[in-house]
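**Student:** Sharing entry.csv here; it has CSV, C-alpha atoms.
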```
chain,number,residue,atom,x,y,z
A,1,MET,CA,-3.2,-0.2,-1.1
A,2,ILE,CA,-4.6,1.9,-4.0
A,3,VAL,CA,-8.3,2.1,-4.6
A,4,HIS,CA,-10.1,3.5,-7.6
A,5,ILE,CA,-13.5,5.0,-6.7
A,6,GLY,CA,-16.2,4.9,-9.3
A,7,GLY,CA,-19.4,7.0,-9.4
A,8,GLY,CA,-21.1,9.6,-11.4
A,9,ALA,CA,-21.2,13.4,-11.6
A,10,ARG,CA,-24.9,13.4,-12.3
A,11,ASN,CA,-26.0,12.9,-8.7
A,12,ILE,CA,-22.9,14.2,-7.0
A,13,GLY,CA,-24.9,16.4,-4.7
A,14,GLU,CA,-26.7,13.4,-3.1
A,15,ASP,CA,-23.7,11.0,-3.3
A,16,LEU,CA,-21.1,13.4,-2.0
A,17,PRO,CA,-21.3,12.5,1.8
A,18,TYR,CA,-21.1,8.8,0.9
A,19,LEU,CA,-18.2,9.2,-1.5
A,20,ARG,CA,-16.4,11.2,1.1
A,21,ARG,CA,-17.0,8.5,3.7
A,22,ILE,CA,-15.6,5.8,1.4
A,23,ILE,CA,-12.4,7.9,0.9
A,24,GLY,CA,-12.2,8.3,4.7
A,25,ILE,CA,-12.5,4.5,5.3
A,26,ILE,CA,-9.9,3.8,2.6
A,27,ARG,CA,-7.5,6.2,4.4
A,28,GLU,CA,-8.3,4.7,7.8
A,29,HIS,CA,-7.1,1.4,6.4
A,30,GLY,CA,-3.8,3.0,5.2
A,31,GLY,CA,-4.9,3.2,1.6
A,32,HIS,CA,-4.8,5.8,-1.1
A,33,VAL,CA,-7.3,6.9,-3.8
A,34,ALA,CA,-6.0,6.3,-7.3
A,35,ARG,CA,-7.8,9.4,-8.7
A,36,ASN,CA,-9.5,11.9,-6.5
A,37,TRP,CA,-12.1,13.3,-8.9
A,38,ILE,CA,-14.9,13.8,-6.3
A,39,GLU,CA,-14.2,17.3,-4.8
A,40,VAL,CA,-13.4,18.9,-8.1
A,41,THR,CA,-16.5,17.4,-9.7
A,42,ALA,CA,-18.7,18.4,-6.8
A,43,HIS,CA,-17.3,22.0,-7.0
A,44,ASN,CA,-17.8,22.2,-10.8
A,45,VAL,CA,-21.4,20.9,-10.6
A,46,GLN,CA,-22.2,23.3,-7.7
A,47,ILE,CA,-21.0,26.4,-9.5
A,48,LYS,CA,-22.2,25.1,-12.9
A,49,ALA,CA,-18.7,25.7,-14.2
A,50,ILE,CA,-19.1,23.5,-17.2
A,51,LYS,CA,-21.8,21.9,-19.3
A,52,ASP,CA,-21.9,18.2,-19.6
A,53,SER,CA,-21.5,18.5,-23.4
A,54,ASP,CA,-18.2,20.5,-22.9
A,55,VAL,CA,-16.6,18.1,-20.5
A,56,ASN,CA,-13.5,16.4,-22.0
A,57,TRP,CA,-14.9,12.9,-21.6
A,58,GLN,CA,-12.0,11.4,-23.5
A,59,GLU,CA,-9.5,12.7,-21.0
A,60,ILE,CA,-11.7,11.5,-18.1
A,61,ALA,CA,-11.9,8.0,-19.7
A,62,ARG,CA,-8.1,7.9,-20.1
A,63,GLN,CA,-7.5,9.0,-16.5
A,64,ASN,CA,-10.0,6.5,-15.2
A,65,ARG,CA,-8.4,3.7,-17.2
A,66,GLU,CA,-5.0,4.7,-15.8
A,67,ALA,CA,-6.4,4.8,-12.3
A,68,LEU,CA,-7.8,1.3,-12.7
A,69,GLU,CA,-4.5,-0.1,-14.0
A,70,ILE,CA,-2.6,1.0,-10.8
A,71,SER,CA,-5.4,0.0,-8.4
A,72,ASP,CA,-5.7,-3.0,-6.1
A,73,LEU,CA,-9.4,-2.5,-5.6
A,74,TYR,CA,-12.3,-0.9,-7.3
A,75,ILE,CA,-15.2,0.6,-5.2
A,76,ALA,CA,-18.1,2.2,-7.0
A,77,GLU,CA,-21.2,4.0,-5.7
A,78,VAL,CA,-23.8,3.1,-8.2
A,79,THR,CA,-27.1,4.3,-6.8
A,80,SER,CA,-27.8,6.0,-10.1
A,81,TYR,CA,-26.8,2.8,-12.1
A,82,ARG,CA,-25.0,4.8,-14.8
A,83,LEU,CA,-23.5,3.3,-18.0
A,84,SER,CA,-20.0,4.5,-17.1
A,85,ALA,CA,-20.0,2.6,-13.9
A,86,GLY,CA,-20.9,-0.6,-15.7
A,87,TYR,CA,-18.2,0.0,-18.2
A,88,GLU,CA,-15.6,0.6,-15.5
A,89,MET,CA,-16.7,-2.4,-13.5
A,90,SER,CA,-16.2,-4.7,-16.5
A,91,GLN,CA,-12.7,-3.1,-17.1
A,92,ALA,CA,-11.8,-3.7,-13.5
A,93,MET,CA,-12.8,-7.3,-13.7
A,94,GLN,CA,-10.8,-7.8,-16.9
A,95,LEU,CA,-7.8,-6.4,-15.0
A,96,GLY,CA,-8.4,-9.0,-12.2
A,97,ILE,CA,-9.3,-6.3,-9.7
A,98,PRO,CA,-11.8,-7.1,-6.9
A,99,VAL,CA,-14.9,-5.0,-7.3
A,100,LEU,CA,-17.4,-3.6,-4.7
A,101,LEU,CA,-20.6,-2.0,-5.8
A,102,LEU,CA,-22.6,0.0,-3.3
A,103,SER,CA,-26.1,1.3,-3.8
A,104,ARG,CA,-28.9,3.0,-1.8
A,105,LYS,CA,-31.4,1.4,-4.1
A,106,PRO,CA,-32.0,-2.4,-4.1
A,107,PHE,CA,-29.9,-4.4,-6.5
A,108,ARG,CA,-32.4,-7.2,-6.8
A,109,GLU,CA,-34.5,-5.2,-9.3
A,110,ARG,CA,-31.6,-4.6,-11.6
A,111,ALA,CA,-29.9,-6.7,-14.3
A,112,ILE,CA,-26.6,-6.1,-12.5
A,113,CYS,CA,-27.5,-8.7,-9.9
A,114,GLY,CA,-27.3,-11.3,-12.6
A,115,ILE,CA,-23.5,-10.8,-12.7
A,116,GLN,CA,-21.8,-13.4,-10.6
A,117,HIS,CA,-18.0,-13.6,-10.3
A,118,ASP,CA,-15.5,-14.4,-7.6
A,119,LEU,CA,-14.1,-10.8,-7.9
A,120,PHE,CA,-17.4,-9.1,-7.5
A,121,VAL,CA,-19.5,-8.1,-4.5
A,122,MET,CA,-22.5,-5.8,-4.4
A,123,LYS,CA,-24.1,-4.4,-1.2
A,124,ASP,CA,-27.1,-2.3,-0.6
A,125,TYR,CA,-26.8,0.2,2.2
A,126,SER,CA,-29.1,2.7,3.9
A,127,SER,CA,-26.8,4.6,6.3
A,128,LEU,CA,-23.2,5.7,6.6
A,129,ASP,CA,-22.7,3.0,9.3
A,130,ASP,CA,-23.8,0.3,6.8
A,131,LEU,CA,-21.5,1.8,4.2
A,132,GLU,CA,-18.6,1.9,6.5
A,133,ARG,CA,-19.1,-1.8,7.5
A,134,HIS,CA,-19.3,-2.9,3.8
A,135,VAL,CA,-16.3,-1.0,2.7
A,136,SER,CA,-14.2,-2.1,5.7
A,137,GLU,CA,-15.1,-5.7,5.2
A,138,PHE,CA,-14.3,-5.6,1.5
A,139,ILE,CA,-10.9,-4.0,2.1
A,140,LYS,CA,-10.0,-6.5,4.9
A,141,THR,CA,-11.2,-9.5,2.7
A,142,ASN,CA,-9.2,-8.4,-0.3
A,143,ILE,CA,-6.0,-6.8,1.0
A,144,ALA,CA,-3.4,-8.8,2.8
A,145,PRO,CA,-1.4,-7.0,5.6
A,146,ALA,CA,2.1,-5.9,4.5
A,147,SER,CA,3.6,-8.6,6.7
A,148,GLU,CA,1.9,-11.3,4.6
A,149,LEU,CA,3.3,-9.9,1.3
A,150,ASN,CA,6.9,-10.8,2.2
A,151,ARG,CA,7.3,-14.6,1.5
A,152,MET,CA,10.1,-17.1,1.7
A,153,ILE,CA,10.0,-19.5,-1.2
A,154,ALA,CA,11.9,-22.8,-1.4
A,155,LEU,CA,12.9,-23.7,-4.9
A,156,THR,CA,14.0,-27.1,-6.3
A,157,PRO,CA,17.4,-27.2,-8.0
A,158,ARG,CA,15.7,-27.3,-11.4
A,159,LEU,CA,13.6,-24.3,-10.7
A,160,TYR,CA,16.5,-22.4,-9.2
A,161,ALA,CA,18.5,-23.1,-12.5
A,162,TYR,CA,15.6,-21.8,-14.5
A,163,VAL,CA,15.3,-18.6,-12.5
A,164,LYS,CA,19.0,-18.0,-12.8
A,165,GLU,CA,18.8,-18.5,-16.6
A,166,GLN,CA,15.9,-16.0,-16.7
A,167,MET,CA,17.9,-13.5,-14.7
A,168,GLN,CA,20.8,-13.7,-17.1
A,169,LYS,CA,18.5,-13.4,-20.2
A,170,THR,CA,16.4,-10.6,-19.0
A,171,ASP,CA,18.6,-8.7,-16.5
A,172,GLU,CA,15.9,-8.9,-13.9
A,173,THR,CA,16.5,-9.6,-10.2
A,174,GLU,CA,15.4,-12.9,-8.7
A,175,ASP,CA,12.3,-11.3,-7.1
A,176,ASP,CA,11.4,-9.7,-10.4
A,177,VAL,CA,11.7,-13.1,-12.3
A,178,LEU,CA,9.5,-14.9,-9.7
A,179,LEU,CA,6.9,-12.1,-9.7
A,180,ARG,CA,6.7,-12.1,-13.5
A,181,LEU,CA,6.3,-15.9,-13.6
A,182,ILE,CA,3.5,-15.8,-11.0
A,183,GLN,CA,1.8,-12.9,-12.8
A,184,GLU,CA,1.9,-14.8,-16.1
A,185,GLY,CA,0.5,-17.8,-14.3
A,186,THR,CA,-2.4,-15.8,-12.9
A,187,LYS,CA,-3.3,-14.3,-16.3
A,188,LYS,CA,-3.5,-17.8,-17.8
A,189,THR,CA,-5.9,-19.0,-15.1
A,190,ALA,CA,-8.1,-15.8,-15.1
B,1,MET,CA,-23.9,-12.8,-39.6
B,2,ILE,CA,-24.8,-13.2,-35.9
B,3,ILE,CA,-25.7,-10.0,-34.2
B,4,HIS,CA,-26.3,-9.4,-30.5
B,5,LEU,CA,-28.8,-6.7,-29.9
B,6,THR,CA,-29.2,-5.5,-26.4
B,7,GLY,CA,-30.5,-2.5,-24.4
B,8,SER,CA,-32.6,-1.6,-21.4
B,9,ALA,CA,-36.0,-3.0,-20.6
B,10,GLN,CA,-36.7,-0.1,-18.2
B,11,ASP,CA,-38.8,1.8,-20.8
B,12,ILE,CA,-39.7,-1.1,-23.0
B,13,GLU,CA,-43.0,0.4,-24.1
B,14,LYS,CA,-41.3,3.5,-25.4
B,15,ASP,CA,-38.3,1.7,-26.9
B,16,LEU,CA,-40.2,-1.2,-28.5
B,17,PRO,CA,-40.8,0.3,-32.0
B,18,TYR,CA,-37.1,1.1,-32.2
B,19,TYR,CA,-36.0,-2.3,-31.1
B,20,ARG,CA,-38.4,-3.9,-33.6
B,21,ARG,CA,-37.0,-1.6,-36.4
B,22,ILE,CA,-33.5,-2.7,-35.5
B,23,ILE,CA,-34.5,-6.3,-35.7
B,24,LYS,CA,-36.2,-5.8,-39.1
B,25,THR,CA,-33.1,-4.1,-40.4
B,26,ILE,CA,-30.9,-6.9,-39.1
B,27,HIS,CA,-33.1,-9.5,-40.9
B,28,GLU,CA,-33.1,-7.4,-44.1
B,29,ASN,CA,-29.3,-7.5,-44.1
B,30,ASP,CA,-29.3,-11.3,-43.7
B,31,GLY,CA,-28.4,-11.1,-40.1
B,32,ILE,CA,-29.7,-13.3,-37.3
B,33,LEU,CA,-30.1,-12.4,-33.6
B,34,ALA,CA,-27.8,-14.0,-31.1
B,35,ARG,CA,-30.5,-13.6,-28.4
B,36,ASP,CA,-34.2,-12.8,-29.0
B,37,TRP,CA,-35.3,-11.1,-25.7
B,38,ILE,CA,-37.3,-8.1,-26.7
B,39,GLU,CA,-40.8,-9.6,-27.0
B,40,THR,CA,-40.3,-11.5,-23.8
B,41,ALA,CA,-39.3,-8.3,-22.0
B,42,TYR,CA,-42.4,-6.6,-23.4
B,43,HIS,CA,-44.6,-9.4,-22.3
B,44,ARG,CA,-43.2,-9.1,-18.8
B,45,HIS,CA,-44.0,-5.4,-18.8
B,46,VAL,CA,-47.6,-6.1,-20.1
B,47,LYS,CA,-48.1,-8.8,-17.4
B,48,LYS,CA,-46.7,-6.3,-14.8
B,49,ILE,CA,-44.1,-8.8,-13.6
B,50,ASP,CA,-42.0,-7.1,-10.9
B,51,ASP,CA,-38.3,-6.6,-11.8
B,52,GLY,CA,-37.4,-8.1,-8.5
B,53,ASP,CA,-38.9,-11.4,-9.7
B,54,VAL,CA,-36.9,-11.7,-12.9
B,55,ASP,CA,-34.1,-14.3,-13.1
B,56,TRP,CA,-31.4,-11.8,-13.8
B,57,LYS,CA,-28.7,-14.3,-13.7
B,58,SER,CA,-30.2,-16.1,-16.6
B,59,VAL,CA,-30.6,-12.9,-18.4
B,60,MET,CA,-27.0,-11.8,-17.8
B,61,ASP,CA,-25.6,-15.3,-18.7
B,62,GLY,CA,-27.7,-15.2,-21.9
B,63,ASN,CA,-26.3,-11.8,-22.8
B,64,LEU,CA,-22.7,-12.7,-22.1
B,65,GLU,CA,-23.1,-15.9,-24.1
B,66,ALA,CA,-24.7,-14.0,-26.9
B,67,ILE,CA,-21.8,-11.6,-27.0
B,68,GLY,CA,-19.4,-14.5,-27.3
B,69,ARG,CA,-21.3,-16.0,-30.2
B,70,ALA,CA,-22.0,-12.7,-32.0
B,71,ASP,CA,-20.0,-11.3,-35.0
B,72,ILE,CA,-21.1,-7.8,-34.0
B,73,VAL,CA,-22.9,-6.1,-31.1
B,74,ILE,CA,-25.5,-3.4,-31.2
B,75,ILE,CA,-26.6,-1.7,-27.9
B,76,GLU,CA,-29.4,0.8,-27.7
B,77,VAL,CA,-28.2,3.1,-24.9
B,78,SER,CA,-30.8,5.8,-24.7
B,79,ASN,CA,-31.2,5.0,-21.0
B,80,PHE,CA,-27.4,5.0,-20.4
B,81,SER,CA,-27.8,2.2,-17.8
B,82,PHE,CA,-25.2,0.1,-15.9
B,83,SER,CA,-25.9,-3.1,-17.7
B,84,GLN,CA,-25.4,-1.5,-21.1
B,85,GLY,CA,-22.0,-0.1,-20.0
B,86,PHE,CA,-21.0,-3.5,-18.7
B,87,GLN,CA,-21.9,-5.3,-21.9
B,88,SER,CA,-20.2,-2.6,-24.0
B,89,ALA,CA,-16.9,-3.2,-22.2
B,90,VAL,CA,-17.3,-7.0,-22.5
B,91,SER,CA,-18.0,-6.7,-26.2
B,92,LEU,CA,-14.9,-4.6,-26.8
B,93,ASN,CA,-12.7,-6.9,-24.7
B,94,GLN,CA,-13.9,-9.7,-26.9
B,95,LYS,CA,-12.9,-7.7,-30.0
B,96,LYS,CA,-16.5,-7.4,-31.3
B,97,PRO,CA,-17.4,-4.4,-33.4
B,98,LEU,CA,-19.8,-2.5,-31.3
B,99,LEU,CA,-22.5,0.1,-32.2
B,100,LEU,CA,-23.9,2.3,-29.4
B,101,ILE,CA,-27.0,4.2,-30.5
B,102,SER,CA,-29.1,6.7,-28.6
B,103,ARG,CA,-32.0,9.0,-29.0
B,104,LYS,CA,-30.4,11.3,-26.4
B,105,PRO,CA,-27.2,13.3,-27.0
B,106,ILE,CA,-24.2,11.1,-26.4
B,107,LYS,CA,-21.7,14.0,-26.0
B,108,LYS,CA,-23.2,14.8,-22.6
B,109,HIS,CA,-22.2,11.4,-21.3
B,110,ALA,CA,-19.0,9.7,-20.3
B,111,ILE,CA,-19.6,7.2,-23.1
B,112,SER,CA,-18.5,9.8,-25.6
B,113,GLY,CA,-15.0,9.6,-24.1
B,114,TYR,CA,-14.5,5.9,-24.9
B,115,ARG,CA,-12.2,5.3,-27.9
B,116,SER,CA,-11.7,2.1,-29.8
B,117,LYS,CA,-11.3,1.2,-33.5
B,118,LEU,CA,-14.2,-1.3,-32.9
B,119,LEU,CA,-16.5,1.3,-31.4
B,120,THR,CA,-19.1,3.3,-33.3
B,121,THR,CA,-21.5,5.7,-31.6
B,122,ALA,CA,-24.5,7.4,-33.2
B,123,GLU,CA,-27.5,9.4,-32.3
B,124,TYR,CA,-30.9,9.1,-34.0
B,125,LYS,CA,-34.2,10.8,-34.0
B,126,THR,CA,-36.5,8.7,-36.1
B,127,GLU,CA,-36.9,5.0,-37.1
B,128,ASP,CA,-35.6,5.9,-40.6
B,129,ASP,CA,-32.4,7.4,-39.1
B,130,LEU,CA,-32.0,4.3,-37.0
B,131,GLU,CA,-32.4,2.0,-40.0
B,132,LYS,CA,-29.7,3.9,-41.9
B,133,ILE,CA,-27.3,3.8,-39.0
B,134,VAL,CA,-27.8,0.1,-38.4
B,135,THR,CA,-27.6,-0.8,-42.1
B,136,GLN,CA,-24.4,1.1,-42.5
B,137,PHE,CA,-22.8,-0.6,-39.4
B,138,ILE,CA,-23.8,-4.0,-40.6
B,139,GLN,CA,-22.4,-3.3,-44.1
B,140,ASP,CA,-19.2,-1.9,-42.7
B,141,ASN,CA,-18.6,-5.0,-40.7
B,142,THR,CA,-19.7,-7.6,-43.2
B,143,ILE,CA,-16.8,-9.6,-44.7
B,144,ALA,CA,-17.7,-11.0,-48.0
B,145,THR,CA,-17.1,-14.8,-48.1
B,146,LYS,CA,-14.7,-14.3,-51.0
B,147,ASP,CA,-12.4,-12.2,-48.7
B,148,LEU,CA,-12.0,-15.1,-46.4
B,149,ARG,CA,-10.0,-17.1,-49.0
B,150,PHE,CA,-6.6,-16.1,-50.3
B,151,ASN,CA,-3.5,-17.7,-51.8
B,152,MET,CA,-0.3,-17.8,-49.8
B,153,PHE,CA,3.2,-18.8,-50.9
B,154,ILE,CA,5.2,-21.1,-48.6
B,155,ASP,CA,8.8,-22.2,-48.7
B,156,ARG,CA,10.1,-25.8,-48.9
B,157,PRO,CA,10.6,-26.3,-45.1
B,158,ILE,CA,7.0,-25.1,-44.4
B,159,TYR,CA,5.7,-27.4,-47.1
B,160,ASN,CA,7.6,-30.4,-45.7
B,161,TYR,CA,6.3,-29.6,-42.2
B,162,LEU,CA,2.7,-29.4,-43.4
B,163,ARG,CA,3.0,-32.5,-45.5
B,164,SER,CA,4.4,-34.4,-42.5
B,165,VAL,CA,1.8,-33.2,-40.0
B,166,SER,CA,-1.0,-33.8,-42.5
B,167,TYR,CA,0.1,-37.4,-43.0
B,168,GLU,CA,0.4,-38.0,-39.2
B,169,SER,CA,-2.8,-36.3,-38.2
B,170,GLY,CA,-5.0,-37.0,-41.2
B,171,LYS,CA,-5.9,-33.2,-41.3
B,172,ASN,CA,-5.6,-31.2,-44.5
B,173,LYS,CA,-3.0,-28.5,-44.8
B,174,SER,CA,-5.5,-25.6,-44.5
B,175,GLU,CA,-6.8,-27.0,-41.2
B,176,ILE,CA,-3.3,-27.3,-39.8
B,177,ILE,CA,-2.5,-23.7,-40.8
B,178,ARG,CA,-5.8,-22.4,-39.3
B,179,GLU,CA,-5.0,-24.3,-36.0
B,180,LEU,CA,-1.5,-22.7,-35.9
B,181,ILE,CA,-3.1,-19.2,-36.3
B,182,GLU,CA,-5.8,-19.9,-33.7
B,183,ARG,CA,-3.1,-21.0,-31.3
B,184,GLU,CA,-1.3,-17.8,-31.8
B,185,ILE,CA,-4.5,-15.8,-31.3
B,186,ARG,CA,-5.1,-17.6,-28.0
B,187,LYS,CA,-1.5,-16.9,-26.9
B,188,GLN,CA,-2.0,-13.2,-27.6
B,189,LYS,CA,-5.2,-13.1,-25.6
B,190,ASP,CA,-3.3,-14.7,-22.7
```
Could you take the file, read its structure, and then write that structure out as structure tokens?

**Tutor:**
Amino acid sequence: MIVHIGGGARNIGEDLPYLRRIIGIIREHGGHVARNWIEVTAHNVQIKAIKDSDVNWQEIARQNREALEISDLYIAEVTSYRLSAGYEMSQAMQLGIPVLLLSRKPFRERAICGIQHDLFVMKDYSSLDDLERHVSEFIKTNIAPASELNRMIALTPRLYAYVKEQMQKTDETEDDVLLRLIQEGTKKTA
Amino acid sequence: MIIHLTGSAQDIEKDLPYYRRIIKTIHENDGILARDWIETAYHRHVKKIDDGDVDWKSVMDGNLEAIGRADIVIIEVSNFSFSQGFQSAVSLNQKKPLLLISRKPIKKHAISGYRSKLLTTAEYKTEDDLEKIVTQFIQDNTIATKDLRFNMFIDRPIYNYLRSVSYESGKNKSEIIRELIEREIRKQKD
């Protein structure tokens, strides 16, 4: 399981314990972080290493996009409700990735609570325990255990012939053909 | 031309003159608003209606629907808020030319790292600046009606196909060609 964590550098001092806890919970569930920006950012902000206007934002946007593209889940700490988090959340949803937004300020006063989608969950929290519960629940709801990911499929003769034809045309394995067809099908229904 | 103008209502009193100037500029350039929300948001502020009592789902649905209908999108992002980021990404995903304008320096924010042929970012200090930027953006994205018509040469097989489909369906040849192109666009989106 790969998770991309969203958040902002602006309030990294306040958010740091919560972001660290999110990473901890992901690892406890056997997952990895797609891009670990948090400690470097916290360090740079603390020592005032670089001004905001000198940050290579284009490179950061590229890295974040790449992180999303390899991720199974997107979890963002959005207490400061920054523009970049909204942008990334929309990108995650366009990629069909389940999204969890977490905030220490109530969502109900924000336009964000008008967004409703099967892929999207938002949770207020006021303590690390709350945070842990929300993140764990989100991971368990959206990630199937490895044993569930290995399926036996019974094909009809006609479907079997089609898969064999595709294997010859594209040089893919049977598994690759079936995965491709399912992925194409999910894109059409998204 | 249909133009979706959006932004934050958090500082509506401060932003109001700029929103009104953008709307005036849109009308002077023969544009119409996809969604007219600004005076309603200001009225809410005057009446001191709590943000927690706003029907944010209607607001967000209205914004997303307006993006869908619009030819171009303009977002005032001086507050750099979550909803503006979300709508920015939705607009670009729907291939809408997008203008992000701000009274605060954009290069200090992650937004300055986003790259797209459809995206224009600009800073302004005065209402006159704002009018110039918006006017230029509208003009850059206006396609003269004459540019929507052109002659094309077809070969005999295509001619026979169009004639046959036109006879069977009762549609004229231009309609059939447009439908074929629209089908191709939908396939590419999928």

**Student:** With 8 Å as the limit and counting all atoms listed in the file, what residues in chain B lie close to chain A? Please list them as JSON, numbers by chain.

**Tutor:** {"B": [50, 51, 52, 53, 54, 55, 56, 57, 58, 59, 60, 61, 80, 81, 82, 83, 84, 85, 86, 87, 88, 89, 90, 107, 108, 109, 110, 111, 112, 113, 114, 115, 190]}

**Student:** Please list as a VMD selection string every residue within 8 Å of Glu132 (chain A), counting only C-alpha atoms and excluding residues in the same chain fewer than 6 positions away.

**Tutor:** chain A and resid 21 to 22 25

**Student:** So, counting all atoms listed in the file, which residue among B:Leu5, B:Leu33, B:Ile75, B:Ile185 is closest to Lys95 (chain B)?

**Tutor:**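 Comparing B:Leu5, B:Leu33, B:Ile75, B:Ile185 against Lys95 (chain B), the winner is B:Ile185.
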
**Student:** Please provide the set of residues having any atom within 10 Å of region 17-19 of chain A, restricted to all atoms listed in the file, with same-chain residues fewer than 4 positions apart removed, written as a PyMOL selection string.

**Tutor:** chain A and resi 5-7+12-13+23-24+38-39+75-77+102+127-128+131-132

**Student:** For Asn151 (chain B), which of B:Ser102, B:Trp37, B:Ser174, B:Leu118 is the closest residue, counting all atoms listed in the file?

**Tutor:** B:Ser174

**Student:** May I have the residues within 8 Å of Lys105 (chain A) as a compact mmCIF listing (two decimals) with C-alpha atoms, in the coordinates of the input, using only C-alpha atoms and disregarding those fewer than 6 positions away in the same chain?

**Tutor:**
```
# COMPACT_ATOMS: atom_id res chain seq x y z
CA THR A 79 -27.10 4.30 -6.80
CA ASP A 124 -27.10 -2.30 -0.60
CA TYR A 125 -26.80 0.20 2.20
```
